[in-house]
Structures are given as C-alpha cells and as structure tokens.
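Here's target00.pdb, which has PDB, C-alpha atoms and all ligand atoms:
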ATOM      1  CA  MET A   1     229.776 -41.266 104.110
ATOM      2  CA  LYS A   2     227.124 -41.385 106.843
ATOM      3  CA  ARG A   3     223.336 -41.122 106.668
ATOM      4  CA  ILE A   4     222.110 -38.556 109.144
ATOM      5  CA  PHE A   5     218.702 -37.419 110.388
ATOM      6  CA  LEU A   6     218.886 -33.817 111.615
ATOM      7  CA  THR A   7     215.990 -31.831 113.058
ATOM      8  CA  GLY A   8     215.617 -28.056 112.882
ATOM      9  CA  ALA A   9     217.845 -27.461 109.865
ATOM     10  CA  SER A  10     216.101 -24.405 108.412
ATOM     11  CA  ARG A  11     218.245 -21.897 110.325
ATOM     12  CA  GLY A  12     220.665 -21.370 113.205
ATOM     13  CA  ILE A  13     222.678 -24.253 114.613
ATOM     14  CA  GLY A  14     220.840 -26.900 112.558
ATOM     15  CA  LEU A  15     221.463 -25.108 109.268
ATOM     16  CA  ALA A  16     225.173 -24.710 110.082
ATOM     17  CA  ILE A  17     225.373 -28.426 110.960
ATOM     18  CA  ALA A  18     223.542 -29.371 107.721
ATOM     19  CA  LYS A  19     225.969 -27.333 105.597
ATOM     20  CA  ALA A  20     229.042 -28.696 107.374
ATOM     21  CA  LEU A  21     227.903 -32.333 107.194
ATOM     22  CA  THR A  22     226.903 -32.245 103.523
ATOM     23  CA  GLY A  23     230.173 -30.408 102.833
ATOM     24  CA  HIS A  24     231.990 -33.390 104.392
ATOM     25  CA  GLY A  25     230.172 -35.744 101.991
ATOM     26  CA  HIS A  26     227.449 -37.020 104.341
ATOM     27  CA  GLU A  27     223.816 -37.512 103.256
ATOM     28  CA  VAL A  28     221.539 -35.483 105.520
ATOM     29  CA  TRP A  29     217.759 -35.731 105.963
ATOM     30  CA  ALA A  30     217.017 -32.277 107.316
ATOM     31  CA  THR A  31     213.745 -31.231 108.916
ATOM     32  CA  SER A  32     211.621 -28.133 109.270
ATOM     33  CA  ARG A  33     207.909 -27.586 109.905
ATOM     34  CA  ASP A  34     208.007 -26.238 106.338
ATOM     35  CA  PRO A  35     210.546 -28.127 104.196
ATOM     36  CA  ALA A  36     210.573 -25.248 101.671
ATOM     37  CA  ARG A  37     212.729 -23.431 104.258
ATOM     38  CA  ILE A  38     215.518 -26.007 103.879
ATOM     39  CA  PRO A  39     218.060 -24.741 101.313
ATOM     40  CA  GLN A  40     218.616 -26.734  98.140
ATOM     41  CA  LEU A  41     222.030 -28.294  98.608
ATOM     42  CA  LEU A  42     223.702 -31.410  97.244
ATOM     43  CA  ARG A  43     223.170 -34.379  99.619
ATOM     44  CA  LEU A  44     220.554 -32.451 101.658
ATOM     45  CA  HIS A  45     217.080 -34.057 101.711
ATOM     46  CA  PRO A  46     214.315 -31.815 103.123
ATOM     47  CA  ALA A  47     211.763 -33.474 105.414
ATOM     48  CA  ARG A  48     208.675 -32.220 107.225
ATOM     49  CA  LEU A  49     208.563 -32.636 111.001
ATOM     50  CA  ASP A  50     206.700 -30.736 113.708
ATOM     51  CA  LEU A  51     207.808 -31.656 117.216
ATOM     52  CA  SER A  52     204.551 -30.367 118.679
ATOM     53  CA  ASP A  53     202.636 -33.063 116.752
ATOM     54  CA  PRO A  54     203.397 -36.716 117.719
ATOM     55  CA  THR A  55     202.002 -38.031 114.404
ATOM     56  CA  SER A  56     204.271 -35.725 112.431
ATOM     57  CA  ILE A  57     207.300 -36.935 114.430
ATOM     58  CA  ASP A  58     206.684 -40.586 113.565
ATOM     59  CA  GLU A  59     205.770 -39.840 109.948
ATOM     60  CA  GLY A  60     208.707 -37.483 109.412
ATOM     61  CA  PHE A  61     211.245 -39.948 110.788
ATOM     62  CA  ASN A  62     209.793 -43.097 109.202
ATOM     63  CA  THR A  63     209.392 -41.528 105.745
ATOM     64  CA  ALA A  64     212.996 -40.336 105.814
ATOM     65  CA  LEU A  65     214.172 -43.737 107.111
ATOM     66  CA  ALA A  66     212.409 -45.499 104.249
ATOM     67  CA  GLU A  67     214.192 -43.181 101.793
ATOM     68  CA  ALA A  68     217.592 -43.426 103.467
ATOM     69  CA  GLY A  69     217.525 -47.186 104.214
ATOM     70  CA  HIS A  70     219.209 -46.628 107.567
ATOM     71  CA  PHE A  71     220.551 -43.818 109.734
ATOM     72  CA  ASP A  72     224.011 -43.820 111.260
ATOM     73  CA  VAL A  73     223.316 -40.615 113.193
ATOM     74  CA  LEU A  74     220.334 -38.789 114.705
ATOM     75  CA  ILE A  75     220.828 -35.151 115.679
ATOM     76  CA  ASN A  76     217.971 -33.996 117.904
ATOM     77  CA  ASN A  77     218.453 -30.245 117.455
ATOM     78  CA  ALA A  78     215.135 -28.482 116.746
ATOM     79  CA  GLY A  79     213.623 -26.328 119.449
ATOM     80  CA  GLY A  80     212.427 -22.951 120.578
ATOM     81  CA  GLY A  81     211.958 -20.989 123.779
ATOM     82  CA  HIS A  82     209.386 -19.170 125.859
ATOM     83  CA  PHE A  83     210.021 -16.000 127.891
ATOM     84  CA  GLY A  84     207.886 -14.838 130.807
ATOM     85  CA  PRO A  85     207.550 -14.990 134.602
ATOM     86  CA  ALA A  86     207.351 -18.549 135.943
ATOM     87  CA  GLU A  87     204.668 -17.447 138.394
ATOM     88  CA  SER A  88     202.103 -17.030 135.627
ATOM     89  CA  LEU A  89     203.117 -19.645 133.031
ATOM     90  CA  SER A  90     199.996 -21.452 131.852
ATOM     91  CA  PRO A  91     199.906 -25.275 131.847
ATOM     92  CA  GLU A  92     199.648 -25.063 128.019
ATOM     93  CA  ILE A  93     202.919 -23.128 127.699
ATOM     94  CA  ILE A  94     204.781 -25.495 130.021
ATOM     95  CA  SER A  95     203.356 -28.505 128.256
ATOM     96  CA  ASP A  96     204.234 -27.062 124.799
ATOM     97  CA  GLN A  97     207.852 -26.544 125.856
ATOM     98  CA  PHE A  98     208.077 -30.102 127.201
ATOM     99  CA  GLN A  99     206.382 -31.556 124.099
ATOM    100  CA  VAL A 100     208.873 -29.889 121.754
ATOM    101  CA  LEU A 101     212.059 -30.078 123.846
ATOM    102  CA  VAL A 102     211.568 -33.330 125.773
ATOM    103  CA  PHE A 103     208.779 -35.651 124.561
ATOM    104  CA  GLY A 104     209.490 -35.013 120.868
ATOM    105  CA  HIS A 105     213.240 -35.540 121.318
ATOM    106  CA  ILE A 106     212.672 -38.709 123.379
ATOM    107  CA  ARG A 107     210.328 -40.142 120.740
ATOM    108  CA  LEU A 108     212.899 -39.519 118.000
ATOM    109  CA  MET A 109     215.629 -41.050 120.125
ATOM    110  CA  GLN A 110     213.480 -44.178 120.646
ATOM    111  CA  LEU A 111     212.645 -44.431 116.925
ATOM    112  CA  ALA A 112     216.322 -44.021 116.016
ATOM    113  CA  LEU A 113     217.460 -46.534 118.635
ATOM    114  CA  ALA A 114     214.964 -49.118 117.389
ATOM    115  CA  ALA A 115     216.322 -48.666 113.859
ATOM    116  CA  MET A 116     219.978 -48.673 115.001
ATOM    117  CA  ARG A 117     219.698 -51.745 117.291
ATOM    118  CA  PRO A 118     219.630 -54.383 114.501
ATOM    119  CA  ARG A 119     222.748 -52.792 112.932
ATOM    120  CA  GLY A 120     224.420 -52.734 116.342
ATOM    121  CA  GLU A 121     225.777 -49.234 115.999
ATOM    122  CA  GLY A 122     224.841 -45.596 115.679
ATOM    123  CA  LEU A 123     225.213 -42.165 117.187
ATOM    124  CA  ILE A 124     222.561 -39.935 118.744
ATOM    125  CA  ILE A 125     223.339 -36.321 119.563
ATOM    126  CA  ASN A 126     220.765 -34.595 121.762
ATOM    127  CA  VAL A 127     221.159 -30.834 121.704
ATOM    128  CA  SER A 128     220.127 -29.677 125.169
ATOM    129  CA  SER A 129     221.503 -26.444 126.651
ATOM    130  CA  LEU A 130     223.774 -25.049 129.313
ATOM    131  CA  ALA A 131     220.548 -23.368 130.509
ATOM    132  CA  GLY A 132     219.613 -26.751 131.998
ATOM    133  CA  ARG A 133     222.473 -26.245 134.479
ATOM    134  CA  LEU A 134     222.723 -22.442 134.626
ATOM    135  CA  PRO A 135     219.107 -21.321 134.232
ATOM    136  CA  VAL A 136     218.137 -18.112 132.443
ATOM    137  CA  PRO A 137     215.619 -15.965 134.406
ATOM    138  CA  PHE A 138     212.111 -15.912 132.907
ATOM    139  CA  MET A 139     212.781 -19.041 130.853
ATOM    140  CA  ALA A 140     211.722 -21.526 133.537
ATOM    141  CA  ALA A 141     209.881 -23.973 131.271
ATOM    142  CA  TYR A 142     212.745 -23.926 128.744
ATOM    143  CA  ASN A 143     215.424 -24.388 131.452
ATOM    144  CA  ALA A 144     213.447 -27.198 133.083
ATOM    145  CA  ALA A 145     212.818 -28.966 129.769
ATOM    146  CA  LYS A 146     216.506 -28.824 128.840
ATOM    147  CA  ALA A 147     217.474 -30.154 132.293
ATOM    148  CA  ALA A 148     214.932 -32.963 131.891
ATOM    149  CA  MET A 149     216.364 -33.898 128.495
ATOM    150  CA  ALA A 150     219.914 -33.896 129.864
ATOM    151  CA  SER A 151     218.800 -36.184 132.703
ATOM    152  CA  PHE A 152     216.949 -38.533 130.328
ATOM    153  CA  THR A 153     220.035 -38.683 128.111
ATOM    154  CA  MET A 154     222.271 -39.567 131.064
ATOM    155  CA  SER A 155     219.787 -42.223 132.197
ATOM    156  CA  ILE A 156     219.842 -43.933 128.813
ATOM    157  CA  GLN A 157     223.643 -43.693 128.758
ATOM    158  CA  LEU A 158     223.655 -45.688 132.030
ATOM    159  CA  GLU A 159     221.439 -48.372 130.562
ATOM    160  CA  LEU A 160     222.957 -48.926 127.105
ATOM    161  CA  LEU A 161     225.574 -51.445 128.192
ATOM    162  CA  ASP A 162     225.517 -54.019 125.413
ATOM    163  CA  SER A 163     225.366 -51.640 122.497
ATOM    164  CA  ASN A 164     227.623 -49.691 120.198
ATOM    165  CA  VAL A 165     225.022 -46.955 119.919
ATOM    166  CA  ARG A 166     226.622 -43.841 121.429
ATOM    167  CA  ILE A 167     224.566 -41.012 122.870
ATOM    168  CA  ILE A 168     225.877 -37.505 123.413
ATOM    169  CA  ASP A 169     224.347 -34.639 125.376
ATOM    170  CA  LEU A 170     225.542 -31.560 123.477
ATOM    171  CA  GLN A 171     225.015 -28.458 125.603
ATOM    172  CA  PRO A 172     225.497 -25.195 123.716
ATOM    173  CA  ALA A 173     226.101 -21.997 125.649
ATOM    174  CA  ASP A 174     224.974 -18.816 123.864
ATOM    175  CA  ILE A 175     225.366 -19.182 120.102
ATOM    176  CA  CYS A 176     224.612 -16.362 117.669
ATOM    177  CA  THR A 177     221.456 -17.579 115.888
ATOM    178  CA  PRO A 178     217.925 -16.176 115.245
ATOM    179  CA  PHE A 179     216.753 -18.195 118.307
ATOM    180  CA  ASN A 180     215.419 -15.091 120.112
ATOM    181  CA  ASP A 181     213.333 -14.017 117.077
ATOM    182  CA  ALA A 182     211.204 -17.142 117.522
ATOM    183  CA  VAL A 183     210.917 -16.910 121.322
ATOM    184  CA  ILE A 184     207.280 -16.603 122.404
ATOM    185  CA  LYS A 185     206.786 -13.971 125.103
ATOM    186  CA  SER A 186     204.118 -14.029 127.812
ATOM    187  CA  LYS A 187     201.515 -11.280 127.560
ATOM    188  CA  ASP A 188     199.573 -11.909 130.779
ATOM    189  CA  TYR A 189     201.712 -11.365 133.862
ATOM    190  CA  ASP A 190     202.006  -9.196 136.947
ATOM    191  CA  ARG A 191     203.377  -5.797 135.808
ATOM    192  CA  ARG A 192     205.738  -5.759 138.811
ATOM    193  CA  TYR A 193     207.961  -8.035 136.695
ATOM    194  CA  GLU A 194     208.190  -5.480 133.872
ATOM    195  CA  ALA A 195     211.555  -3.889 134.767
ATOM    196  CA  ASN A 196     213.353  -7.187 135.392
ATOM    197  CA  LEU A 197     211.860  -8.756 132.278
ATOM    198  CA  ALA A 198     213.261  -5.865 130.232
ATOM    199  CA  LYS A 199     216.721  -6.048 131.865
ATOM    200  CA  THR A 200     216.917  -9.808 131.400
ATOM    201  CA  TRP A 201     215.778  -9.619 127.765
ATOM    202  CA  ASP A 202     218.478  -6.986 127.091
ATOM    203  CA  ALA A 203     221.104  -9.311 128.570
ATOM    204  CA  VAL A 204     219.754 -12.323 126.669
ATOM    205  CA  GLU A 205     219.801 -10.359 123.380
ATOM    206  CA  ARG A 206     223.316  -8.996 124.035
ATOM    207  CA  ASN A 207     224.675 -12.420 124.995
ATOM    208  CA  ILE A 208     223.343 -14.113 121.876
ATOM    209  CA  ARG A 209     224.456 -11.242 119.592
ATOM    210  CA  ASP A 210     228.030 -11.364 120.956
ATOM    211  CA  ALA A 211     228.187 -15.162 121.050
ATOM    212  CA  PRO A 212     230.219 -17.457 118.765
ATOM    213  CA  LYS A 213     228.710 -18.321 115.375
ATOM    214  CA  PRO A 214     226.845 -21.649 114.907
ATOM    215  CA  ASP A 215     229.737 -22.942 112.739
ATOM    216  CA  LEU A 216     231.519 -23.603 116.037
ATOM    217  CA  VAL A 217     228.829 -26.158 116.971
ATOM    218  CA  ALA A 218     228.842 -27.555 113.415
ATOM    219  CA  ARG A 219     232.620 -28.126 113.529
ATOM    220  CA  ARG A 220     232.277 -29.892 116.884
ATOM    221  CA  VAL A 221     229.488 -32.117 115.514
ATOM    222  CA  CYS A 222     231.644 -33.087 112.503
ATOM    223  CA  GLU A 223     234.447 -34.092 114.908
ATOM    224  CA  LEU A 224     232.070 -36.082 117.137
ATOM    225  CA  ILE A 225     230.717 -38.047 114.187
ATOM    226  CA  ASP A 226     234.234 -39.242 113.324
ATOM    227  CA  GLN A 227     235.123 -40.344 116.874
ATOM    228  CA  THR A 228     234.863 -44.016 117.860
ATOM    229  CA  ASN A 229     234.421 -43.184 121.552
ATOM    230  CA  PRO A 230     232.917 -39.674 121.748
ATOM    231  CA  PRO A 231     232.411 -37.931 125.106
ATOM    232  CA  PRO A 232     228.947 -38.465 126.679
ATOM    233  CA  ARG A 233     228.502 -34.748 127.328
ATOM    234  CA  ILE A 234     230.079 -31.682 125.778
ATOM    235  CA  THR A 235     229.539 -27.954 126.080
ATOM    236  CA  VAL A 236     230.104 -25.656 123.103
ATOM    237  CA  GLY A 237     230.370 -21.887 123.242
ATOM    238  CA  ASP A 238     232.669 -19.202 124.574
ATOM    239  CA  GLY A 239     235.279 -20.049 127.194
ATOM    240  CA  PHE A 240     233.688 -18.173 130.088
ATOM    241  CA  GLN A 241     230.221 -19.700 129.672
ATOM    242  CA  THR A 242     231.352 -23.261 128.910
ATOM    243  CA  LYS A 243     234.391 -23.659 131.175
ATOM    244  CA  ILE A 244     234.757 -21.005 133.862
ATOM    245  CA  ALA A 245     231.106 -20.410 134.837
ATOM    246  CA  PRO A 246     230.133 -24.126 135.223
ATOM    247  CA  LEU A 247     233.348 -24.807 137.162
ATOM    248  CA  ILE A 248     232.797 -21.955 139.638
ATOM    249  CA  PHE A 249     229.080 -22.794 139.819
ATOM    250  CA  ARG A 250     229.803 -26.385 140.852
ATOM    251  CA  PHE A 251     231.458 -25.369 144.124
ATOM    252  CA  LEU A 252     229.140 -22.537 145.170
ATOM    253  CA  PRO A 253     226.285 -22.821 147.671
ATOM    254  CA  GLN A 254     222.852 -22.414 146.081
ATOM    255  CA  ARG A 255     222.328 -18.977 147.673
ATOM    256  CA  VAL A 256     225.486 -17.654 145.978
ATOM    257  CA  ARG A 257     224.577 -19.278 142.648
ATOM    258  CA  ILE A 258     221.240 -17.448 142.640
ATOM    259  CA  TRP A 259     222.956 -14.170 143.565
ATOM    260  CA  GLY A 260     225.546 -14.666 140.809
ATOM    261  CA  LEU A 261     222.996 -15.468 138.111
ATOM    262  CA  ARG A 262     220.863 -12.460 139.067
ATOM    263  CA  ARG A 263     223.966 -10.248 138.801
ATOM    264  CA  TYR A 264     224.843 -11.797 135.427
ATOM    265  CA  TYR A 265     221.402 -10.885 134.045
ATOM    266  CA  GLY A 266     221.343  -7.481 135.760
ATOM    267  CA  ILE A 267     218.282  -8.095 137.953
TER     268      ILE A 267
HETATM  269  N1  LIG A 301     221.236 -20.317 120.139
HETATM  270  C1  LIG A 301     221.566 -20.567 121.391
HETATM  271  O1  LIG A 301     222.140 -19.707 122.084
HETATM  272  C2  LIG A 301     221.282 -21.922 122.009
HETATM  273  C3  LIG A 301     221.863 -22.192 123.246
HETATM  274  C4  LIG A 301     221.622 -23.426 123.841
HETATM  275  C5  LIG A 301     220.836 -24.370 123.220
HETATM  276  N2  LIG A 301     220.274 -24.091 122.016
HETATM  277  C6  LIG A 301     219.437 -25.128 121.398
HETATM  278  O2  LIG A 301     219.931 -25.402 120.104
HETATM  279  C7  LIG A 301     218.858 -25.836 119.268
HETATM  280  C8  LIG A 301     218.840 -24.991 117.991
HETATM  281  O3  LIG A 301     218.647 -23.638 118.364
HETATM  282  P1  LIG A 301     218.982 -22.419 117.389
HETATM  283  O4  LIG A 301     219.653 -21.398 118.210
HETATM  284  O5  LIG A 301     219.612 -22.899 116.142
HETATM  285  O6  LIG A 301     217.486 -21.893 117.115
HETATM  286  P2  LIG A 301     216.790 -21.323 115.782
HETATM  287  O7  LIG A 301     217.774 -20.563 114.976
HETATM  288  O8  LIG A 301     215.552 -20.638 116.224
HETATM  289  O9  LIG A 301     216.414 -22.662 114.988
HETATM  290  C9  LIG A 301     215.470 -23.544 115.534
HETATM  291  C10 LIG A 301     215.187 -24.676 114.550
HETATM  292  O10 LIG A 301     214.262 -25.560 115.179
HETATM  293  C11 LIG A 301     213.122 -25.724 114.335
HETATM  294  N3  LIG A 301     211.912 -25.774 115.162
HETATM  295  C12 LIG A 301     211.477 -24.853 116.069
HETATM  296  N4  LIG A 301     210.333 -25.268 116.632
HETATM  297  C13 LIG A 301     210.044 -26.473 116.065
HETATM  298  C14 LIG A 301     208.982 -27.409 116.227
HETATM  299  N5  LIG A 301     207.941 -27.187 117.057
HETATM  300  N6  LIG A 301     209.020 -28.538 115.492
HETATM  301  C15 LIG A 301     210.026 -28.783 114.638
HETATM  302  N7  LIG A 301     211.050 -27.930 114.421
HETATM  303  C16 LIG A 301     211.045 -26.798 115.144
HETATM  304  C17 LIG A 301     213.106 -24.516 113.407
HETATM  305  O11 LIG A 301     212.567 -24.935 112.147
HETATM  306  P3  LIG A 301     211.200 -24.370 111.500
HETATM  307  O12 LIG A 301     210.825 -23.088 112.209
HETATM  308  O13 LIG A 301     211.588 -24.140 110.077
HETATM  309  O14 LIG A 301     210.225 -25.479 111.701
HETATM  310  C18 LIG A 301     214.590 -24.195 113.261
HETATM  311  O15 LIG A 301     215.160 -24.891 112.193
HETATM  312  C19 LIG A 301     217.579 -25.687 120.102
HETATM  313  O16 LIG A 301     217.247 -26.940 120.670
HETATM  314  C20 LIG A 301     217.998 -24.711 121.192
HETATM  315  O17 LIG A 301     217.229 -24.858 122.357
HETATM  316  C21 LIG A 301     220.473 -22.888 121.397
END
What is this file in structure tokens?
Amino acid sequence: MKRIFLTGASRGIGLAIAKALTGHGHEVWATSRDPARIPQLLRLHPARLDLSDPTSIDEGFNTALAEAGHFDVLINNAGGGHFGPAESLSPEIISDQFQVLVFGHIRLMQLALAAMRPRGEGLIINVSSLAGRLPVPFMAAYNAAKAAMASFTMSIQLELLDSNVRIIDLQPADICTPFNDAVIKSKDYDRRYEANLAKTWDAVERNIRDAPKPDLVARRVCELIDQTNPPPRITVGDGFQTKIAPLIFRFLPQRVRIWGLRRYYGI
C-alpha cells in the first residue's frame, strides 16, 4: 500500500487515477478547489488545494502530509487551459496559466522532494502534455506552460543523481475528459481570427470526444507506481498521436511541421 498525493481528482484524468489507485488498495489524498467535489470512496481523503494561490498549495500539501505521515508518490495532475489568439493574450492570462501549470506544479514537486529526501525514496509524476511538443493553435500559453514544465522536469532528472526519488514526465495526448468545458476563452481579439478560432475549436472538441477514456492514463499510472525503474517520460493516448505523429514530427523541418499542424486543425 502506498500513500499518494494527487491533485485535480474531482473529474477527468485525476478522478480516474484516484479510483484506480484506491481500487488497488492505495491511500490517496485527492485535491480539488472544492473538496466536496471529490467522491466519497474508501481510502480517498479529500483535500483543498488551489494552484492559483501559493498559500493554498503549501497549506493543502502540508495538511495532507501531516495526516498521511509521509507520501510515497506525488501526482501533479491538476490543470486547465485557455483558448484565444496569442497576439492578444493579456499578461494576466499568460501569468495565470504559468501559475497553475508551472509554478504550482514546481512548488508541489519541491515540497514533495523535501519530504521524500529523508526517506531516500519516492515517485513524482508530473502530468504535462503532448501539446508541449505538438502545440495546439490558439492555446499558446497552455502549450508554452506545458513545454516549460517538461523542461523543468528533465532538468531535475539530470540533477537527481544520488537519490532514489524517481520523476516522470507523463504526457497525455487527447483524452476524453471534461477538460474543454473548463477552458477559458478570450473575448477581446481581432475578429479576423474568428473563422480559424471556430475551425480549431471544432477540431479540438472532436479530438477530445473521440479520444481514449481517462482509464487508459489511470492504468498506466498504476503500472508506473509498481515499477522500480520507471521511464523518465511517457506519452499516453491513441497510437497516431503518441507514436506516429511525434516520430514524423521529429524529422521534419520547422516549416513543414507548421504546415502539418495547420492542416491537422483545419486552418
Ligand atoms: N484531457 C486531455 O486531453 C489532456 C491532454 C493532455 C494533458 N492533459 C492534462 O491532464 C491534466 C488533467 O486534465 P483533465 O483532462 O483531467 O482536465 P479536467 O477534467 O478539466 O480536470 C481538471 C482537474 O484539475 C483541477 N483544477 C483545475 N484548475 C485548478 C486550479 N487552479 N487549482 C487546483 N486544481 C485545479 C480540477 O479540480 P476543481 O475544478 O474541482 O478544482 C479538476 O479536478 C491537466 O494538467 C491537463 O492539462 C489533459
């Protein structure tokens, strides 16, 4: 049995992970901005945590740690997106995305590492996104934040030489969750973007609707937790998005990548 701190467990990927982990007998401290949204399940302990508020991050983690005694695993999963033309993104929107998807995740990783160090072992799974490598049009701040988190994760993987704390960058492709329902859309932008915004949103909605269910990610997380030497980075999703597209993408010149992604989103 492992003690696990999991953010963003009220729905989507986090909820599927919470159900799978508690089903496997693990004790899970599961967060939401409103803990009443966390279902009442055996071995599931609701916790309040808002990634946009640094105080709430420290309080949420430390309160749960005091209850749990220690954590074997941190799963940095919570997050949300913004949709709108990069040209007119306000500094507040960009900073909000980075607070939630980068600074909040980094703070939790540091808190977890500090608590795992004395025990000499632990596992941290940072849920970034394939969008950090294959960006989605009109989600520039989200794409950039996910790329930043992937880079930070790789940097810390380089540095953690004398430790049995493992860190994994888990990059989902499209997964069928209510993610798009919570996406905040820009209202103030140049109306010349209107047609391409609509085409891209259609593609984004279709992709997520037709995508694998979040249980796929949950199953992968359960496997990772049992591995002594887990891979530093994994992608989870359908075969085309996780295997074929990144492979082709790697060998293409940038001009062709941009052409291909525009075609993929119909713009
Ligand atoms: N679905 C996909 O296709 C996909 C693809 C690649 C990567 N991802 C990543 O996977 C993770 C989970 O996404 P999902 O698809 O499961 O999304 P989701 O269904 O919208 O769930 C998001 C979770 O994050 C929590 N959350 C959102 N904003 C938060 C904040 N400011 N502070 C604390 N918690 C917050 C939500 O909890 P409350 O609202 O209850 O607080 C919710 O439990 C995200 O990091 C996302 O970027 C998703």
*For A:Val221, list every protein, DNA or RNA residue within 12 Å, evaluated using all atoms listed in the file, and leave out those in the same chain fewer than 2 positions away; present the list as a ChimeraX atom specification.*
/A:4,6,13-14,16-21,24,73-77,123-127,168-172,214-219,223-227,230-231,234-236
Closest-contact table, chain A side, partner ligand LIG 301 (chain A), 7 Å, counting only C-alpha atoms and all ligand atoms, as a Markdown table:
| residue | atom | partner | partner_atom | distance |
| --- | --- | --- | --- | --- |
| A:Thr7 | CA | A:LIG301 | N7 | 6.4 |
| A:Gly8 | CA | A:LIG301 | O15 | 3.3 |
| A:Ala9 | CA | A:LIG301 | O15 | 4.4 |
| A:Ser10 | CA | A:LIG301 | O15 | 3.9 |
| A:Arg11 | CA | A:LIG301 | O15 | 4.7 |
| A:Gly12 | CA | A:LIG301 | O5 | 3.5 |
| A:Ile13 | CA | A:LIG301 | O5 | 3.7 |
| A:Gly14 | CA | A:LIG301 | O5 | 5.5 |
| A:Leu15 | CA | A:LIG301 | O15 | 7.0 |
| A:Thr31 | CA | A:LIG301 | N7 | 7.0 |
| A:Ser32 | CA | A:LIG301 | O14 | 3.9 |
| A:Arg33 | CA | A:LIG301 | O14 | 3.6 |
| A:Asp34 | CA | A:LIG301 | O13 | 5.6 |
| A:Arg37 | CA | A:LIG301 | O13 | 6.0 |
| A:Leu49 | CA | A:LIG301 | C15 | 5.5 |
| A:Asp50 | CA | A:LIG301 | N6 | 3.7 |
| A:Leu51 | CA | A:LIG301 | N6 | 3.8 |
| A:Ser52 | CA | A:LIG301 | N5 | 4.9 |
| A:Asn77 | CA | A:LIG301 | O16 | 4.8 |
| A:Ala78 | CA | A:LIG301 | O10 | 3.4 |
| A:Gly79 | CA | A:LIG301 | O16 | 3.9 |
| A:Gly80 | CA | A:LIG301 | C12 | 5.0 |
| A:Gly81 | CA | A:LIG301 | O17 | 6.7 |
| A:Val100 | CA | A:LIG301 | N5 | 5.5 |
| A:Leu101 | CA | A:LIG301 | O16 | 6.8 |
| A:Val127 | CA | A:LIG301 | O16 | 5.6 |
| A:Ser128 | CA | A:LIG301 | C5 | 5.7 |
| A:Ser129 | CA | A:LIG301 | C5 | 4.1 |
| A:Leu130 | CA | A:LIG301 | C4 | 6.1 |
| A:Ala131 | CA | A:LIG301 | C4 | 6.8 |
| A:Gln171 | CA | A:LIG301 | C5 | 6.3 |
| A:Pro172 | CA | A:LIG301 | C4 | 4.3 |
| A:Ala173 | CA | A:LIG301 | C3 | 4.9 |
| A:Asp174 | CA | A:LIG301 | O1 | 3.5 |
| A:Ile175 | CA | A:LIG301 | O1 | 3.8 |
| A:Cys176 | CA | A:LIG301 | N1 | 5.8 |
| A:Thr177 | CA | A:LIG301 | O4 | 4.8 |
| A:Pro178 | CA | A:LIG301 | O7 | 4.4 |
| A:Phe179 | CA | A:LIG301 | O8 | 3.4 |
| A:Asn180 | CA | A:LIG301 | O8 | 6.8 |
| A:Ala182 | CA | A:LIG301 | O8 | 5.7 |
| A:Ile208 | CA | A:LIG301 | O1 | 5.7 |
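Across the structure, atom CA of A:Val136 and atom CA of A:Thr153 are spaced 21.1 Å apart.
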Check which residues satisfy the PyMOL selection byres (((chain A and resi 43) around 10) and not hetatm) in the file shown, then give them as a PDB file with C-alpha atoms, in the frame of the given file.
ATOM      1  CA  ARG A   3     223.336 -41.122 106.668  1.00  0.00           C
ATOM      2  CA  ALA A  18     223.542 -29.371 107.721  1.00  0.00           C
ATOM      3  CA  LYS A  19     225.969 -27.333 105.597  1.00  0.00           C
ATOM      4  CA  LEU A  21     227.903 -32.333 107.194  1.00  0.00           C
ATOM      5  CA  THR A  22     226.903 -32.245 103.523  1.00  0.00           C
ATOM      6  CA  GLY A  23     230.173 -30.408 102.833  1.00  0.00           C
ATOM      7  CA  GLY A  25     230.172 -35.744 101.991  1.00  0.00           C
ATOM      8  CA  HIS A  26     227.449 -37.020 104.341  1.00  0.00           C
ATOM      9  CA  GLU A  27     223.816 -37.512 103.256  1.00  0.00           C
ATOM     10  CA  VAL A  28     221.539 -35.483 105.520  1.00  0.00           C
ATOM     11  CA  TRP A  29     217.759 -35.731 105.963  1.00  0.00           C
ATOM     12  CA  GLN A  40     218.616 -26.734  98.140  1.00  0.00           C
ATOM     13  CA  LEU A  41     222.030 -28.294  98.608  1.00  0.00           C
ATOM     14  CA  LEU A  42     223.702 -31.410  97.244  1.00  0.00           C
ATOM     15  CA  LEU A  44     220.554 -32.451 101.658  1.00  0.00           C
ATOM     16  CA  HIS A  45     217.080 -34.057 101.711  1.00  0.00           C
ATOM     17  CA  PRO A  46     214.315 -31.815 103.123  1.00  0.00           C
TER      18      PRO A  46
END
*Carefully work through the PyMOL selection byres (((chain A and resi 70) around 10) and not hetatm) for this structure and note down the residues it includes, as a VMD selection string.*
chain A and resid 2 to 5 64 to 69 71 to 73 112 115 to 116 119 122
*Decode the PyMOL selection byres (((chain A and resi 137-141) around 10) and not hetatm) for the given file into explicit residues and return them as a PyMOL selection string.*
chain A and resi 81-87+89+93-98+101+131-132+134-136+142-147+183+185-186+193+196-197+200-201+204+261-262+265+267
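Relative to atom CA of A:Asp58, atom CA of A:Arg117 is found at 17.5 Å.
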*Work out how far atom CA of A:Gly237 is from atom CA of A:Phe103, in Å to one decimal.*
25.6 Å
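Restricting the calculation to all atoms listed in the file, the smallest distance between A:Met154 and any of A:Arg107, A:Pro232, A:Gly260, A:Lys187 is found for A:Pro232.
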